[in-house]
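Participant: Mind looking over this structure? Questions follow.
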Amino acid sequence: MSRPALQAGHRPVIGLLTDFGLSDPYVGQLKAVLASLAPDAAIVDITHGVPPHNILAGAFFLDASLPWMPPGAVVAAVIDPGVGTARRVVCIEADDRLVLAPDNGLASLVLSRGRIDAAWVCAVPEAASATFHGRDVFVPLAAALAGGQHPNTLGSPIDPGTLAVLPGIAPRHGQGVISAVVLHADRFGNIILSLDIERWRDILDAAPRLGLCSPVRRTVRRVSAYAGLAPGEVGLVAGSQGYFELAMNRISAAETLGLASGDEIAFSLDREE
């Protein structure tokens with residue numbers, strides 16, 4: 001297996017995905033380390049706005065963003081409430097990109113797509129702060145990988161099947177009902193569900209009627225665009241991030257329906273609610 005590489009002449013690319021926010025110096029310190037260790041790399045801030053400790057939302061952001069990173073890119077994904085504990089630091093190869101992450105379920109959605117080709121566990125240096133592995137472990141590893149080092153030189157191979165997976169996030173389908181989990185509610189109030197478009201489009205398109213039956217009861221209309229919804233109407237949209245969304249037209253569906261990341265929902269496929 002060869003190390004995924006950018007096309008000749010392209011700068012190495014390092015993506016950052018964290019829950020650190022921008023009001024503290026943490027992101028600046030990540031970038032300062034990268035400026036020292038990988039001065040030629042292009043740094044992509046995927047987001048630093050993952051809600052604190054929200055591994056599920058981070059898993060969604062990682063899965064949705066990874067395909068848009070160029071082949072050969074390295075992503076340091078740090079949503080890590082277990083920092084400093086025995087949880088593993090892992091490197092994952094997926095779709096010709098490398099991801100560094102705590103082994104806490106952050107790679108769950110990438111893993112569910114069958115996109116992980118190889119994985120390694122990396123050691124934590126003794127000098128690393130027990131409370132800031134993002135700065136002291138993850139970005140130094142990212143810099144080394146972006147500089148051309150192979151994961152075999154930085155860690156030991158592991159079976160990808162041993163990676164931690166978040167429980168209860170896989171959709172279920174039976175007796176005319178689909179159950180799913182809210183992955184994220186975006187700033188527009190769109191509710192992004194754990195219903196992968198490729199897997200669920202045919203089933204949802206074939207439903208004669210859609211009704212949200214839990215935790216609230218509401219008629220849902222299948223539409224292709226937000227603007228196709230009448231005022232106050234709830235729609236199901238195939239969103240830009242690879243998942244179906246519950247949405248309203250210029251109104252927050254999340255506030256209207258009272259849904260947030262981690263909530264479970266259920267659709268009936270053959271009747272209005």
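FYI, nothing fancy with the structure tokens labels: chains A, B, ... in order, residues from 1 per chain, ligands from 1 as they appear.
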What parts of segment 13-222 of chain A does DSSP call helix (DSSP H, G or I)? I'd like the answer as an NGL selection string.

Facilitator: :A and (26-37 or 55-68 or 108-112 or 133-146 or 151-153 or 160-162 or 197-206)

Participant: For segment 148-240 of chain A against segment 95-100 of chain A, with a cut-off of 12 Å and counting only C-alpha atoms, what is the closest atom pair and its distance in Å to one decimal for every residue that makes the cut, ordered by chain and number, as a tab-separated table?

Facilitator:
```
residue	atom	partner	partner_atom	distance
A:Gly148	CA	A:Leu98	CA	11.6
A:Gln149	CA	A:Leu98	CA	11.6
A:His150	CA	A:Leu98	CA	10.2
A:Pro151	CA	A:Leu98	CA	8.9
A:Leu154	CA	A:Leu100	CA	11.4
A:Gly155	CA	A:Leu100	CA	11.2
```

Participant: Can you write just those residues out, all heavy atoms, as a PDB file, in the first residue's frame?

Facilitator:
```pdb
ATOM      1  N   GLY A 148       4.891  13.684   3.992  1.00  0.00           N
ATOM      2  CA  GLY A 148       5.232  12.497   3.218  1.00  0.00           C
ATOM      3  C   GLY A 148       5.503  11.248   4.025  1.00  0.00           C
ATOM      4  O   GLY A 148       5.733  10.179   3.439  1.00  0.00           O
ATOM      5  N   GLN A 149       5.507  11.326   5.366  1.00  0.00           N
ATOM      6  CA  GLN A 149       5.741  10.115   6.145  1.00  0.00           C
ATOM      7  C   GLN A 149       4.555   9.161   6.005  1.00  0.00           C
ATOM      8  O   GLN A 149       3.394   9.589   5.944  1.00  0.00           O
ATOM      9  CB  GLN A 149       5.964  10.450   7.621  1.00  0.00           C
ATOM     10  CG  GLN A 149       7.294  11.134   7.896  1.00  0.00           C
ATOM     11  CD  GLN A 149       7.639  11.110   9.377  1.00  0.00           C
ATOM     12  OE1 GLN A 149       7.533  10.070  10.028  1.00  0.00           O
ATOM     13  NE2 GLN A 149       8.059  12.255   9.899  1.00  0.00           N
ATOM     14  N   HIS A 150       4.857   7.874   5.969  1.00  0.00           N
ATOM     15  CA  HIS A 150       3.817   6.863   5.882  1.00  0.00           C
ATOM     16  C   HIS A 150       3.281   6.569   7.282  1.00  0.00           C
ATOM     17  O   HIS A 150       4.032   6.613   8.264  1.00  0.00           O
ATOM     18  CB  HIS A 150       4.377   5.578   5.264  1.00  0.00           C
ATOM     19  CG  HIS A 150       3.315   4.622   4.848  1.00  0.00           C
ATOM     20  ND1 HIS A 150       2.661   3.794   5.725  1.00  0.00           N
ATOM     21  CD2 HIS A 150       2.785   4.369   3.617  1.00  0.00           C
ATOM     22  CE1 HIS A 150       1.773   3.073   5.074  1.00  0.00           C
ATOM     23  NE2 HIS A 150       1.819   3.397   3.785  1.00  0.00           N
ATOM     24  N   PRO A 151       1.979   6.280   7.422  1.00  0.00           N
ATOM     25  CA  PRO A 151       1.450   5.955   8.747  1.00  0.00           C
ATOM     26  C   PRO A 151       2.188   4.816   9.440  1.00  0.00           C
ATOM     27  O   PRO A 151       2.231   4.776  10.683  1.00  0.00           O
ATOM     28  CB  PRO A 151       0.001   5.576   8.446  1.00  0.00           C
ATOM     29  CG  PRO A 151      -0.340   6.336   7.213  1.00  0.00           C
ATOM     30  CD  PRO A 151       0.930   6.355   6.400  1.00  0.00           C
ATOM     31  N   LEU A 154       4.621   6.006  11.927  1.00  0.00           N
ATOM     32  CA  LEU A 154       4.089   6.799  13.042  1.00  0.00           C
ATOM     33  C   LEU A 154       3.186   5.989  13.965  1.00  0.00           C
ATOM     34  O   LEU A 154       2.852   6.458  15.060  1.00  0.00           O
ATOM     35  CB  LEU A 154       3.297   8.000  12.504  1.00  0.00           C
ATOM     36  CG  LEU A 154       4.077   8.959  11.605  1.00  0.00           C
ATOM     37  CD1 LEU A 154       3.123   9.957  10.967  1.00  0.00           C
ATOM     38  CD2 LEU A 154       5.154   9.692  12.408  1.00  0.00           C
ATOM     39  N   GLY A 155       2.784   4.802  13.524  1.00  0.00           N
ATOM     40  CA  GLY A 155       1.880   4.007  14.330  1.00  0.00           C
ATOM     41  C   GLY A 155       1.905   2.553  13.925  1.00  0.00           C
ATOM     42  O   GLY A 155       2.630   2.148  13.007  1.00  0.00           O
TER      43      GLY A 155
END
```

Participant: Which residues, written as number ranges by chain, have at least one atom at most 9 Å from Gln241 of chain A, with only C-alpha atoms counted and residues fewer than 6 positions away on the same chain left out?

Facilitator: A: 60-61, 63-65, 192

Participant: Can you measure atom CA of Gly147 of chain A to atom CA of Leu34 of chain A for me? One decimal in Å is fine.

Facilitator: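 Separation between atom CA of Gly147 of chain A and atom CA of Leu34 of chain A: 11.1 Å.
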
Participant: Counting only C-alpha atoms, which residues of segment 80-186 of chain A sit at most 8 Å from some atom of segment 12-17 of chain A, and what is each one's closest atom pair with its distance in Å to one decimal, listed by chain and rising residue number, as JSON lines?

Facilitator:
```
{"residue": "A:Ala142", "atom": "CA", "partner": "A:Ile14", "partner_atom": "CA", "distance": 7.0}
{"residue": "A:Ala143", "atom": "CA", "partner": "A:Ile14", "partner_atom": "CA", "distance": 7.7}
{"residue": "A:Ala146", "atom": "CA", "partner": "A:Pro12", "partner_atom": "CA", "distance": 5.6}
{"residue": "A:Gly147", "atom": "CA", "partner": "A:Pro12", "partner_atom": "CA", "distance": 7.3}
```

Participant: The selected residues should be written to file as a tab-separated table (two decimals), in the first residue's frame (atoms: N, CA, C and O atoms).

Facilitator:
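File written: part-v4.tsv
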```
chain	number	residue	atom	x	y	z
A	142	ALA	N	-0.27	15.18	11.95
A	142	ALA	CA	-0.77	15.64	10.66
A	142	ALA	C	0.34	16.27	9.83
A	142	ALA	O	0.43	16.05	8.61
A	143	ALA	N	1.20	17.05	10.47
A	143	ALA	CA	2.31	17.68	9.75
A	143	ALA	C	3.26	16.62	9.20
A	143	ALA	O	3.74	16.73	8.06
A	146	ALA	N	1.52	14.95	6.23
A	146	ALA	CA	1.48	15.86	5.09
A	146	ALA	C	2.85	16.04	4.46
A	146	ALA	O	2.97	16.32	3.26
A	147	GLY	N	3.89	15.87	5.27
A	147	GLY	CA	5.26	15.95	4.76
A	147	GLY	C	5.73	14.71	4.05
A	147	GLY	O	6.86	14.67	3.55
```
